[in-house]
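Q: Please find structure.txt (compact mmCIF, C-alpha atoms) on the next line:
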```txt
# COMPACT_ATOMS: atom_id res chain seq x y z
CA MET B 1122 -18.17 15.15 15.09
CA ALA B 1123 -20.66 16.91 12.82
CA ILE B 1124 -18.20 17.11 9.93
CA PHE B 1125 -17.44 13.40 9.56
CA ILE B 1126 -20.72 11.98 8.27
CA PRO B 1127 -21.57 14.84 5.85
CA ALA B 1128 -17.96 14.77 4.63
CA PHE B 1129 -18.28 11.09 3.76
CA TRP B 1130 -21.30 11.74 1.54
CA VAL B 1131 -19.64 14.76 -0.10
CA LEU B 1132 -16.54 12.69 -0.84
CA LEU B 1133 -18.70 9.88 -2.22
CA VAL B 1134 -20.49 12.28 -4.61
CA LEU B 1135 -17.15 13.75 -5.73
CA CYS B 1136 -15.78 10.26 -6.28
CA VAL B 1137 -18.74 9.20 -8.43
CA MET B 1138 -18.57 12.41 -10.46
CA LEU B 1139 -14.82 12.10 -11.01
CA TYR B 1140 -15.11 8.43 -11.94
CA ALA B 1141 -17.87 9.25 -14.44
CA TYR B 1142 -15.73 12.03 -15.89
CA THR B 1143 -12.72 9.73 -16.35
CA ARG B 1144 -14.99 7.28 -18.17
CA THR B 1145 -15.90 9.96 -20.71
CA ALA B 1146 -12.60 11.87 -20.86
CA LEU B 1147 -10.34 8.84 -21.31
CA PRO B 1148 -10.49 6.41 -24.23
CA HIS B 1149 -12.29 3.11 -23.65
CA VAL B 1150 -10.32 -0.12 -23.83
CA GLU B 1151 -11.36 -2.08 -26.91
CA ASN B 1152 -8.71 -4.79 -26.60
CA THR B 1153 -10.57 -7.98 -25.61
CA GLU B 1154 -7.37 -9.72 -24.58
CA LEU B 1155 -6.44 -6.83 -22.28
CA LYS B 1156 -9.90 -6.83 -20.66
CA LYS B 1157 -9.68 -10.57 -20.02
CA PHE B 1158 -6.17 -10.28 -18.62
CA GLN B 1159 -7.14 -7.38 -16.37
CA CYS B 1160 -10.14 -9.31 -15.06
CA THR B 1161 -7.99 -12.39 -14.39
CA TYR B 1162 -5.57 -10.34 -12.30
CA LEU B 1163 -8.11 -8.21 -10.43
CA ILE B 1164 -10.27 -11.16 -9.34
CA VAL B 1165 -7.35 -12.80 -7.56
CA TYR B 1166 -5.73 -9.59 -6.31
CA LEU B 1167 -8.94 -8.16 -4.83
CA LEU B 1168 -9.74 -11.46 -3.10
CA ALA B 1169 -6.24 -11.34 -1.59
CA THR B 1170 -6.60 -7.76 -0.38
CA GLY B 1171 -10.17 -8.43 0.77
CA ALA B 1172 -8.94 -11.20 3.05
CA ASP B 1173 -6.40 -8.76 4.47
CA TRP B 1174 -8.97 -5.99 5.02
CA LEU B 1175 -11.36 -8.39 6.79
CA GLN B 1176 -8.77 -8.97 9.51
CA GLY B 1177 -7.59 -5.40 10.08
CA PRO B 1178 -10.44 -3.73 12.02
CA HIS B 1179 -10.67 -6.28 14.85
CA VAL B 1180 -7.11 -7.48 15.52
CA TYR B 1181 -6.59 -5.11 18.45
CA ALA B 1182 -10.08 -5.77 19.85
CA LEU B 1183 -9.55 -9.55 19.64
CA TYR B 1184 -6.27 -9.33 21.56
CA GLN B 1185 -7.94 -7.18 24.20
CA SER B 1186 -10.78 -9.68 24.55
CA TYR B 1187 -8.19 -12.36 25.30
CA GLY B 1188 -6.91 -10.26 28.20
CA MET B 1189 -3.69 -9.09 26.54
CA THR B 1190 -2.10 -5.99 28.04
CA SER B 1191 -1.27 -2.96 25.90
CA HIS B 1192 2.41 -3.88 26.11
CA GLN B 1193 1.73 -7.44 24.91
CA ILE B 1194 -0.37 -6.16 22.01
CA GLU B 1195 2.41 -3.75 21.10
CA ILE B 1196 4.91 -6.63 21.05
CA LEU B 1197 2.62 -8.65 18.77
CA PHE B 1198 2.37 -5.77 16.30
CA VAL B 1199 6.13 -5.22 16.35
CA ALA B 1200 6.61 -8.95 15.68
CA GLY B 1201 4.46 -8.70 12.55
CA PHE B 1202 6.40 -5.78 11.12
CA GLY B 1203 9.68 -7.40 12.18
CA SER B 1204 8.98 -10.70 10.43
CA SER B 1205 7.98 -8.83 7.29
CA MET B 1206 11.27 -6.93 7.46
CA VAL B 1207 13.54 -9.94 8.13
CA VAL B 1208 11.90 -12.78 6.18
CA GLY B 1209 10.45 -10.66 3.38
CA THR B 1210 13.67 -10.45 1.35
CA VAL B 1211 14.09 -14.24 1.41
CA ILE B 1212 10.47 -14.71 0.36
CA GLY B 1213 11.05 -12.31 -2.53
CA SER B 1214 14.00 -14.38 -3.75
CA PHE B 1215 11.83 -17.50 -3.46
CA ALA B 1216 9.22 -15.86 -5.70
CA ASP B 1217 11.78 -14.98 -8.37
CA LYS B 1218 13.31 -18.46 -8.38
CA CYS B 1219 10.35 -20.79 -7.71
CA GLY B 1220 7.53 -18.83 -9.27
CA ARG B 1221 5.30 -15.84 -8.49
CA LYS B 1222 2.11 -17.93 -8.73
CA VAL B 1223 3.45 -20.42 -6.18
CA ASN B 1224 4.42 -17.52 -3.93
CA CYS B 1225 0.91 -16.07 -4.13
CA ILE B 1226 -0.54 -19.46 -3.18
CA LEU B 1227 1.89 -19.48 -0.25
CA TYR B 1228 0.40 -16.12 0.76
CA GLY B 1229 -3.01 -17.76 1.03
CA ILE B 1230 -1.63 -20.68 3.07
CA LEU B 1231 0.40 -18.55 5.50
CA TYR B 1232 -2.36 -15.99 6.03
CA GLY B 1233 -4.90 -18.80 6.44
CA LEU B 1234 -2.78 -20.36 9.18
CA ALA B 1235 -2.51 -16.94 10.80
CA CYS B 1236 -6.32 -16.76 10.86
CA ILE B 1237 -6.52 -20.15 12.58
CA THR B 1238 -4.19 -18.99 15.37
CA LYS B 1239 -6.73 -16.28 16.27
CA HIS B 1240 -8.91 -18.98 17.85
CA PHE B 1241 -6.36 -19.39 20.66
CA SER B 1242 -5.87 -16.97 23.55
CA ASN B 1243 -2.29 -18.12 24.19
CA PHE B 1244 0.21 -15.29 23.67
CA TRP B 1245 2.82 -17.45 21.91
CA ILE B 1246 0.31 -18.99 19.49
CA LEU B 1247 -0.85 -15.48 18.64
CA MET B 1248 2.81 -14.54 18.20
CA VAL B 1249 3.19 -17.32 15.60
CA GLY B 1250 0.14 -15.92 13.84
CA ARG B 1251 1.65 -12.42 13.72
CA LEU B 1252 4.93 -13.81 12.33
CA LEU B 1253 3.05 -15.72 9.61
CA GLY B 1254 0.95 -12.65 8.85
CA GLY B 1255 4.05 -10.48 8.51
CA VAL B 1256 5.57 -12.84 5.93
CA ALA B 1257 2.24 -13.04 4.09
CA THR B 1258 2.08 -9.24 3.91
CA SER B 1259 5.50 -9.17 2.22
CA ILE B 1260 4.19 -11.56 -0.43
CA LEU B 1261 1.03 -9.50 -0.96
CA CYS B 1262 3.11 -6.36 -1.54
CA SER B 1263 5.50 -7.91 -4.06
CA ALA B 1264 4.60 -11.22 -5.72
CA PHE B 1265 1.20 -10.18 -7.10
CA GLU B 1266 2.59 -7.05 -8.75
CA SER B 1267 5.62 -8.97 -10.06
CA TRP B 1268 3.33 -11.55 -11.68
CA LEU B 1269 1.24 -8.83 -13.30
CA ILE B 1270 4.18 -6.91 -14.80
CA TYR B 1271 5.81 -10.04 -16.23
CA GLU B 1272 2.57 -11.30 -17.78
CA HIS B 1273 1.71 -7.88 -19.20
CA THR B 1274 5.14 -7.64 -20.85
CA SER B 1275 5.18 -11.24 -22.12
CA ARG B 1276 1.77 -10.79 -23.80
CA ALA B 1277 3.10 -7.72 -25.68
CA LEU B 1278 0.30 -5.49 -24.40
CA ASP B 1279 0.52 -1.70 -24.62
CA PRO B 1280 2.82 -0.48 -21.79
CA SER B 1281 0.50 2.47 -21.06
CA ASP B 1282 -2.30 0.04 -20.19
CA LEU B 1283 -0.30 -1.22 -17.20
CA SER B 1284 -0.84 2.10 -15.41
CA THR B 1285 -4.58 1.78 -16.00
CA ILE B 1286 -4.62 -1.70 -14.44
CA PHE B 1287 -2.77 -0.39 -11.38
CA SER B 1288 -5.26 2.46 -11.08
CA HIS B 1289 -8.20 0.05 -11.28
CA ALA B 1290 -6.53 -2.16 -8.66
CA VAL B 1291 -6.24 0.77 -6.22
CA PHE B 1292 -9.84 1.84 -6.92
CA GLY B 1293 -11.12 -1.71 -6.49
CA ASN B 1294 -9.02 -2.19 -3.35
CA SER B 1295 -10.75 0.78 -1.73
CA VAL B 1296 -14.20 -0.57 -2.62
CA VAL B 1297 -13.19 -3.96 -1.20
CA ALA B 1298 -11.86 -2.29 1.97
CA ILE B 1299 -15.20 -0.56 2.64
CA THR B 1300 -17.15 -3.74 1.91
CA ALA B 1301 -14.81 -5.83 4.06
CA GLY B 1302 -15.09 -3.37 6.94
CA ILE B 1303 -18.90 -3.52 6.91
CA THR B 1304 -18.86 -7.33 6.58
CA ALA B 1305 -16.31 -7.75 9.37
CA GLN B 1306 -18.35 -5.51 11.67
CA TYR B 1307 -21.53 -7.50 11.02
CA PHE B 1308 -19.92 -10.87 11.77
CA ALA B 1309 -18.03 -9.50 14.79
CA ASP B 1310 -21.28 -8.13 16.26
CA SER B 1311 -23.13 -11.38 15.52
CA PHE B 1312 -20.55 -14.05 16.35
CA GLY B 1313 -17.65 -12.41 18.19
CA PHE B 1314 -14.30 -10.86 17.29
CA VAL B 1315 -12.85 -14.08 15.86
CA ALA B 1316 -15.60 -14.42 13.22
CA PRO B 1317 -14.06 -11.94 10.70
CA PHE B 1318 -10.90 -14.06 10.68
CA ASP B 1319 -12.93 -17.15 9.78
CA ILE B 1320 -14.54 -15.24 6.89
CA SER B 1321 -11.06 -14.13 5.83
CA LEU B 1322 -9.92 -17.76 5.83
CA CYS B 1323 -12.81 -18.68 3.51
CA VAL B 1324 -11.90 -15.83 1.15
CA LEU B 1325 -8.27 -17.00 1.11
CA ILE B 1326 -9.37 -20.52 0.15
CA VAL B 1327 -11.45 -19.14 -2.74
CA MET B 1328 -8.48 -16.98 -3.79
CA CYS B 1329 -6.17 -20.02 -3.90
CA PHE B 1330 -8.61 -21.95 -6.08
CA CYS B 1331 -8.89 -18.98 -8.47
CA LEU B 1332 -5.10 -18.73 -8.57
CA VAL B 1333 -4.69 -22.38 -9.49
CA PHE B 1334 -7.16 -22.25 -12.38
CA LEU B 1335 -6.79 -18.68 -13.70
CA TRP B 1336 -3.09 -17.80 -13.47
CA THR B 1337 -0.10 -19.17 -15.34
CA GLU B 1338 3.31 -19.40 -13.69
CA ASN B 1339 6.15 -16.97 -14.31
CA TYR B 1340 9.61 -16.48 -12.83
CA GLY B 1341 12.46 -14.05 -12.34
CA ASP B 1342 15.88 -15.68 -12.52
CA LYS B 1343 15.29 -19.43 -12.07
CA THR B 1344 18.99 -20.28 -12.17
CA SER B 1345 20.13 -18.23 -9.15
CA ASN B 1346 19.84 -19.32 -5.54
CA VAL B 1347 18.54 -17.14 -2.70
CA SER B 1348 21.94 -15.67 -1.77
CA SER B 1349 22.86 -14.78 -5.36
CA SER B 1350 19.41 -13.33 -5.95
CA LEU B 1351 19.86 -11.09 -2.92
CA LYS B 1352 23.33 -10.06 -4.13
CA ASN B 1353 21.98 -9.24 -7.59
CA ALA B 1354 19.14 -7.24 -6.05
CA VAL B 1355 21.50 -5.23 -3.83
CA HIS B 1356 23.83 -4.65 -6.80
CA SER B 1357 20.92 -3.35 -8.91
CA ILE B 1358 19.87 -0.97 -6.14
CA LYS B 1359 23.44 0.33 -5.66
CA SER B 1360 24.29 0.65 -9.36
CA ASP B 1361 21.04 2.15 -10.69
CA PRO B 1362 20.10 5.52 -9.13
CA ARG B 1363 16.55 5.17 -10.42
CA ILE B 1364 15.99 2.00 -8.39
CA LEU B 1365 17.70 3.47 -5.33
CA SER B 1366 15.53 6.59 -5.39
CA LEU B 1367 12.38 4.49 -5.90
CA GLY B 1368 13.30 2.40 -2.86
CA LEU B 1369 13.88 5.50 -0.74
CA ILE B 1370 10.62 7.11 -1.87
CA GLN B 1371 8.62 3.95 -1.16
CA SER B 1372 10.19 3.39 2.26
CA LEU B 1373 9.78 6.99 3.39
CA PHE B 1374 6.23 7.43 2.09
CA GLU B 1375 4.83 4.07 3.19
CA GLY B 1376 6.63 4.31 6.53
CA SER B 1377 4.76 7.57 7.09
CA MET B 1378 1.54 6.02 5.80
CA TYR B 1379 1.63 3.03 8.19
CA THR B 1380 2.50 5.36 11.06
CA PHE B 1381 -0.48 7.53 10.08
CA VAL B 1382 -2.72 4.44 10.27
CA LEU B 1383 -1.73 4.06 13.92
CA GLU B 1384 -2.16 7.77 14.75
CA TRP B 1385 -5.24 9.08 12.95
CA THR B 1386 -7.67 7.88 15.63
CA PRO B 1387 -6.07 9.73 18.59
CA ALA B 1388 -5.40 12.75 16.37
CA LEU B 1389 -9.11 13.08 15.52
CA THR B 1390 -10.51 12.09 18.92
CA PRO B 1391 -11.18 15.15 21.10
CA ILE B 1392 -9.82 15.22 24.66
CA LEU B 1393 -12.59 15.74 27.18
CA THR B 1394 -11.67 17.35 30.50
CA SER B 1395 -13.68 16.47 33.59
CA SER B 1396 -15.30 19.51 35.21
CA SER B 1397 -14.58 18.15 38.70
CA ASP B 1398 -10.90 17.73 38.01
CA SER B 1399 -9.23 19.89 35.41
CA HIS B 1400 -6.19 17.61 35.40
CA HIS B 1401 -8.24 14.49 34.62
CA SER B 1402 -9.05 13.95 30.96
CA ASN B 1403 -10.31 11.21 28.69
CA ARG B 1404 -11.04 11.03 25.00
CA GLY B 1405 -14.43 11.41 23.39
CA THR B 1406 -15.84 9.25 20.63
CA ILE B 1407 -15.76 9.56 16.85
CA PRO B 1408 -17.59 7.58 14.10
CA HIS B 1409 -14.64 5.37 13.11
CA GLY B 1410 -16.59 3.54 10.40
CA TYR B 1411 -17.58 6.70 8.53
CA ILE B 1412 -14.08 8.16 8.87
CA PHE B 1413 -12.44 4.99 7.57
CA ALA B 1414 -14.93 4.82 4.69
CA GLY B 1415 -14.23 8.48 3.92
CA PHE B 1416 -10.50 7.78 3.77
CA MET B 1417 -11.09 4.88 1.37
CA VAL B 1418 -13.25 7.07 -0.87
CA ALA B 1419 -10.45 9.67 -0.86
CA ILE B 1420 -8.05 6.96 -2.08
CA MET B 1421 -10.53 6.14 -4.86
CA ILE B 1422 -10.57 9.83 -5.82
CA GLY B 1423 -6.77 9.73 -5.91
CA SER B 1424 -6.74 6.72 -8.23
CA SER B 1425 -9.09 8.52 -10.64
CA LEU B 1426 -6.90 11.63 -10.50
CA PHE B 1427 -3.92 9.43 -11.35
CA LYS B 1428 -5.60 8.30 -14.58
CA LEU B 1429 -6.18 11.93 -15.56
CA LEU B 1430 -2.70 13.11 -14.58
CA ILE B 1431 -0.90 10.39 -16.51
CA LYS B 1432 -2.78 11.44 -19.64
CA TYR B 1433 -1.17 14.90 -19.58
CA THR B 1434 2.24 14.43 -17.94
CA THR B 1435 4.74 11.81 -16.75
CA VAL B 1436 4.53 9.94 -13.46
CA ASP B 1437 7.90 11.17 -12.22
CA SER B 1438 6.78 14.76 -12.88
CA PHE B 1439 3.42 14.88 -11.07
CA MET B 1440 4.68 12.82 -8.12
CA ARG B 1441 6.80 15.80 -7.02
CA PRO B 1442 3.84 18.03 -6.03
CA THR B 1443 1.91 14.98 -4.81
CA LEU B 1444 4.57 14.12 -2.22
CA LEU B 1445 4.92 17.77 -1.22
CA VAL B 1446 1.16 18.10 -0.66
CA ALA B 1447 1.24 14.88 1.40
CA SER B 1448 3.94 16.34 3.67
CA ILE B 1449 2.03 19.60 4.12
CA SER B 1450 -1.19 17.74 4.97
CA LEU B 1451 0.44 15.84 7.85
CA ALA B 1452 1.86 19.10 9.21
CA VAL B 1453 -1.67 20.30 10.06
CA PRO B 1454 -2.04 18.24 13.30
CA ILE B 1455 1.29 19.77 14.40
CA LEU B 1456 0.21 23.35 13.67
CA TYR B 1457 -3.45 23.03 14.71
CA PRO B 1458 -3.63 20.11 17.18
CA THR B 1459 -7.06 21.06 18.57
CA HIS B 1460 -8.81 21.89 15.28
CA GLN B 1461 -10.59 18.63 14.55
CA SER B 1462 -12.17 19.74 11.26
CA CYS B 1463 -8.87 21.06 9.85
CA ILE B 1464 -7.08 17.86 10.84
CA PHE B 1465 -9.75 15.69 9.23
CA ILE B 1466 -9.64 17.66 5.96
CA SER B 1467 -5.85 17.40 5.90
CA PHE B 1468 -6.07 13.64 6.45
CA VAL B 1469 -8.51 13.35 3.53
CA VAL B 1470 -5.98 15.22 1.37
CA PHE B 1471 -3.24 12.84 2.52
CA GLU B 1472 -5.35 9.79 1.64
CA THR B 1473 -6.02 11.29 -1.80
CA CYS B 1474 -2.24 11.50 -2.24
CA VAL B 1475 -2.04 7.83 -1.19
CA GLY B 1476 -4.52 7.02 -3.98
CA ILE B 1477 -2.20 8.71 -6.47
CA PHE B 1478 0.97 7.26 -4.95
CA TRP B 1479 0.12 3.55 -5.18
CA PRO B 1480 -0.51 3.25 -8.94
CA ALA B 1481 2.26 5.79 -9.66
CA MET B 1482 4.80 3.80 -7.65
CA SER B 1483 3.74 0.54 -9.28
CA THR B 1484 4.08 2.14 -12.72
CA MET B 1485 7.61 3.39 -12.00
CA ARG B 1486 8.65 0.04 -10.55
CA GLY B 1487 7.35 -1.62 -13.71
CA LYS B 1488 9.62 0.63 -15.81
CA TYR B 1489 12.85 0.61 -13.83
CA VAL B 1490 13.07 -2.54 -11.65
CA PRO B 1491 14.70 -5.48 -13.50
CA GLU B 1492 12.50 -8.52 -14.08
CA GLU B 1493 15.08 -11.09 -12.91
CA THR B 1494 15.02 -9.92 -9.29
CA ARG B 1495 11.82 -7.87 -9.21
CA ALA B 1496 10.17 -9.50 -6.17
CA THR B 1497 13.47 -9.57 -4.26
CA ILE B 1498 14.12 -5.85 -4.86
CA MET B 1499 10.55 -4.95 -3.92
CA ASN B 1500 10.93 -6.74 -0.60
CA CYS B 1501 14.32 -5.08 -0.05
CA PHE B 1502 12.42 -1.78 -0.29
CA ARG B 1503 10.23 -2.94 2.59
CA VAL B 1504 13.15 -3.42 5.00
CA PRO B 1505 13.64 0.29 5.86
CA LEU B 1506 9.87 0.79 5.66
CA ASN B 1507 9.23 -1.78 8.40
CA LEU B 1508 12.23 -0.51 10.36
CA ILE B 1509 10.68 2.96 10.47
CA VAL B 1510 7.36 1.62 11.80
CA VAL B 1511 9.01 -0.71 14.34
CA CYS B 1512 11.21 2.11 15.71
CA ILE B 1513 8.20 4.41 16.11
CA LEU B 1514 6.17 1.65 17.78
CA LEU B 1515 8.93 0.88 20.26
CA GLN B 1516 9.37 4.53 21.28
CA ASN B 1517 6.81 6.28 23.45
CA PHE B 1518 6.82 9.40 21.31
CA HIS B 1519 4.32 12.20 21.79
CA GLN B 1520 1.80 12.45 18.97
CA THR B 1521 3.25 15.77 17.78
CA THR B 1522 6.73 14.23 17.55
CA ILE B 1523 5.38 11.31 15.51
CA PHE B 1524 3.75 13.65 12.98
CA LYS B 1525 6.95 15.70 12.79
CA CYS B 1526 8.79 12.49 11.87
CA CYS B 1527 6.18 11.76 9.19
CA VAL B 1528 6.52 15.27 7.71
CA MET B 1529 10.30 14.92 7.67
CA PHE B 1530 10.08 11.51 5.93
CA LEU B 1531 7.68 12.88 3.32
CA LEU B 1532 9.85 15.93 2.63
CA LEU B 1533 12.83 13.61 2.13
CA ALA B 1534 10.69 11.52 -0.24
CA THR B 1535 9.85 14.72 -2.15
CA LEU B 1536 13.55 15.54 -2.51
CA CYS B 1537 14.24 12.01 -3.76
CA GLN B 1538 11.45 12.38 -6.32
CA ILE B 1539 12.83 15.72 -7.50
CA TRP B 1540 16.27 14.14 -7.87
CA LEU B 1541 14.79 11.17 -9.78
CA HIS B 1542 12.92 13.52 -12.13
CA ARG B 1543 16.10 15.52 -12.86
CA HIS B 1544 18.09 12.33 -13.41
CA LEU B 1545 15.52 11.04 -15.91
CA GLN B 1546 15.45 14.38 -17.73
CA GLU B 1547 19.25 14.45 -17.97
CA SER B 1548 19.31 10.86 -19.25
CA GLU B 1549 16.68 11.70 -21.85
CA SER B 1550 18.68 14.76 -22.98
CA ARG B 1551 21.86 12.70 -23.30
CA ASN B 1552 20.03 10.08 -25.34
CA LYS B 1553 18.63 12.75 -27.68
CA LEU B 1554 22.09 14.28 -28.15
CA LYS B 1555 23.52 10.86 -28.90
CA LEU B 1556 20.81 10.13 -31.46
CA ASN B 1557 21.35 13.51 -33.12
CA SER B 1558 25.12 12.97 -33.30
CA ASP B 1559 24.56 9.50 -34.78
CA ASP B 1560 22.23 10.98 -37.41
CA VAL B 1561 24.84 13.62 -38.31
CA SER B 1562 27.54 10.95 -38.58
CA GLU B 1563 25.36 8.84 -40.89
CA SER B 1564 24.57 11.84 -43.11
CA LEU B 1565 28.28 12.61 -43.49
```
What does this structure look like when you write it as structure tokens?

A:
Amino acid sequence: MAIFIPAFWVLLVLCVMLYAYTRTALPHVENTELKKFQCTYLIVYLLATGADWLQGPHVYALYQSYGMTSHQIEILFVAGFGSSMVVGTVIGSFADKCGRKVNCILYGILYGLACITKHFSNFWILMVGRLLGGVATSILCSAFESWLIYEHTSRALDPSDLSTIFSHAVFGNSVVAITAGITAQYFADSFGFVAPFDISLCVLIVMCFCLVFLWTENYGDKTSNVSSSLKNAVHSIKSDPRILSLGLIQSLFEGSMYTFVLEWTPALTPILTSSSDSHHSNRGTIPHGYIFAGFMVAIMIGSSLFKLLIKYTTVDSFMRPTLLVASISLAVPILYPTHQSCIFISFVVFETCVGIFWPAMSTMRGKYVPEETRATIMNCFRVPLNLIVVCILLQNFHQTTIFKCCVMFLLLATLCQIWLHRHLQESESRNKLKLNSDDVSESL
């Protein structure tokens, strides 16, 4: 346990130093319009993610306090991922047709209703809350980003600035996560496990008001219905290898990431064996708050590294070693299952890769996913992602087997990224050859 608290402070110092370095090494934004636009987006987005983070730490504890069995809690979690998987694609089509701003307001309404259900100890009411929360999560992971990319393009801002906004969003999200965790713990200790959900509801209300007054509306393809939007999205995925590979990379990486969220606690918690009975064992305790905060700081470090990496090379290039390092880091608990310090360090490395992955993935989606069906395609990406998590939740796999699955998924994601990079290089070479041949033809 001795490593966790000092490691948090070391990571925090590294984060501050790296952030200060990026402020001096990278050019400052002088565009007033860009600053205003970035602020408009981040205020709403960080309120939305803050409401989500407020709920996360105490969902399991709340269900337990209502007398739910482990099997019932497992079913509730599966229902959340399942609703996100099934309803998410329809919600994405709704965003493209009826408006991304309206869809983001719907996120606030659905998640707010999910918070209200937490006041009831009835299993089926809680099930409704999980279903609503699953749909809301699909909106959070698609509509907000779709709105940002459309507005950034329509305002004719520098395309390179979009990557910076994504990096700031990831950095800010980590700060919000730490703040939300501390706030949720205070209110849970003072007023009970349901209190953080009431605070989340208040944040969602504020977010909706900010949305109404700060954001303008934008759309994908307003003329198509839900079924045609889905068909167009599937056609785009099948016909464009760039979109297909992005979908595979996202599903494989985030499927591993969500599985990691469920497994890091038992992986880091030492097994204590009773001296009176060598066959009887129970787990010790770890400082969950410091570990979680350390992981969030590692994500912040990753977002700062992303800003430096994108200055010197392309996203599709540096994502290859990033995904490979992520796969190696999750192999550590397989190779050294009893070495707590090694496992923790490897998890910090993985979270740093997560901090690079999020803005990098958003940047690539902004380049290659068509605007008309952007939200629909993004939610299609989440179908295999949720399927991976649901399958792992429903199986009583040993922890080693689960991490082996994660390593395999991440290695497959690495191969997809390598293939995408080669495809983009070949396309660029063909375009250069075509331009050169055109120039020769014109000169003749």

Q: Counting only C-alpha atoms, which residue out of B:Leu1132, B:Met1138, B:Val1180, B:Ala1146 sits closest to Lys1432 of chain B?

A: B:Ala1146

Q: Rounded to one decimal place, report the atom CA of Gly1177 of chain B-atom CA of Leu1253 of chain B distance in Å.

A: 14.8 Å

Q: Neighbours of Ile1226 of chain B within 12 Å (only C-alpha atoms; same-chain residues fewer than 5 positions away dropped), as a list in words?

A: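 My reading of the contact set: Val1165, Tyr1166, Ala1169, Ala1216, Cys1219, Gly1220, Arg1221, Leu1231, Tyr1232, Gly1233, Ala1257, Ile1260, Leu1261, Ala1264, Phe1265, Leu1325, Ile1326, Val1327, Met1328, Cys1329, Phe1330, Cys1331, Leu1332, Val1333, Phe1334, Trp1336 and Glu1338 of chain B.
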
Q: What is the atom CA of Phe1530 of chain B to atom CA of Lys1352 of chain B distance in Å?

A: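 If I compute the distance from atom CA of Phe1530 of chain B to atom CA of Lys1352 of chain B, I get 27.2 Å.
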
Q: Within 12 Å of (-5.0, -9.2, -12.1), in the coordinates the file gives, what residues turn up when you count only C-alpha atoms, written out as a PyMOL selection string?

A: chain B and resi 1155-1170+1222+1264-1273+1283+1285-1291+1293-1294+1328+1331-1332+1335-1337

Q: With distances taken over all atoms listed in the file, which residue among B:Ala1182, B:Ala1388, B:Leu1252, B:Leu1430 lies nearest Val1315 of chain B?

A: B:Ala1182

Q: Name the residues within 12 Å of (4.1, 21.9, 8.1), counting all atoms listed in the file in the file's coordinates, and put them as a list in words.

A: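 These residues have at least one counted atom within 12 Å: Leu1445, Val1446, Ala1447, Ser1448, Ile1449, Ser1450, Leu1451, Ala1452, Val1453, Pro1454, Ile1455, Leu1456, Tyr1457, Ser1467, Thr1521, Phe1524, Lys1525, Cys1526, Cys1527, Val1528, Met1529, Leu1531 and Leu1532 of chain B.
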
Q: What does the structure give for the distance between atom CA of Phe1202 of chain B and atom CA of Gly1341 of chain B, in Å to one decimal?

A: 25.6 Å

Q: Between B:Pro1408, B:Pro1505, B:Pro1491, B:Gly1203, which residue has the minimum interatomic distance to His1356 of chain B, considering only C-alpha atoms?

A: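 Looking at the shortest contact to His1356 of chain B, the residue is B:Pro1491.
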
Q: Closest to Ala1235 of chain B among B:Phe1416, B:Tyr1142, B:Phe1318, B:Tyr1187, using all atoms listed in the file?

A: B:Phe1318

Q: Pick the closest to Arg1486 of chain B from B:Asp1282, B:Asp1437, B:Asp1173, B:Glu1549: which is it, counting all atoms listed in the file?

A: B:Asp1437

Q: Can you pull out every residue within 12 Å of Met1248 of chain B, counting all atoms listed in the file, but drop anything in the same chain fewer than 5 positions away, and send it as a count of residues only?

A: 24

Q: Would you mind telling me which residue in B:Ile1466, B:Gly1171, B:Ala1277, B:Ser1284 lies nearest to Ile1431 of chain B when using only C-alpha atoms?

A: B:Ser1284

Q: Can you list, as a list of chain:residue names, every protein, DNA or RNA residue that comes within 10 Å of Ser1462 of chain B when you count only C-alpha atoms, leaving out same-chain residues fewer than 2 positions away?

A: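 My reading of the contact set: B:Met1122, B:Ala1123, B:Ile1124, B:Phe1125, B:Leu1389, B:Tyr1457, B:Thr1459, B:His1460, B:Ile1464, B:Phe1465, B:Ile1466, B:Ser1467, B:Phe1468.
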
Q: Enclose all atoms of segment 1470-1481 of chain B listed in the file in an axis-aligned box, grow every side by 4 Å, and hand back centre and edge lengths in Å to one decimal, as AutoDock Vina command-line options.

A:
```
--center_x -1.9 --center_y 9.2 --center_z -3.6 --size_x 16.3 --size_y 20.0 --size_z 20.2
```

Q: Using all atoms listed in the file, which residues sit within 8 Å of Ala1419 of chain B once same-chain residues fewer than 4 positions away are excluded, as a CSV table (one decimal) with C-alpha atoms, in the frame of the given file?

A:
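Final output, out.csv:
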```
chain,number,residue,atom,x,y,z
B,1132,LEU,CA,-16.5,12.7,-0.8
B,1136,CYS,CA,-15.8,10.3,-6.3
B,1415,GLY,CA,-14.2,8.5,3.9
B,1423,GLY,CA,-6.8,9.7,-5.9
B,1469,VAL,CA,-8.5,13.4,3.5
B,1470,VAL,CA,-6.0,15.2,1.4
B,1472,GLU,CA,-5.4,9.8,1.6
B,1473,THR,CA,-6.0,11.3,-1.8
B,1476,GLY,CA,-4.5,7.0,-4.0
```

Q: Would you mind listing what lies within 6 Å of Phe1292 of chain B as a ChimeraX atom specification, with all atoms listed in the file counted and same-chain residues fewer than 3 positions away left out?

A: /B:1289,1295,1421,1424
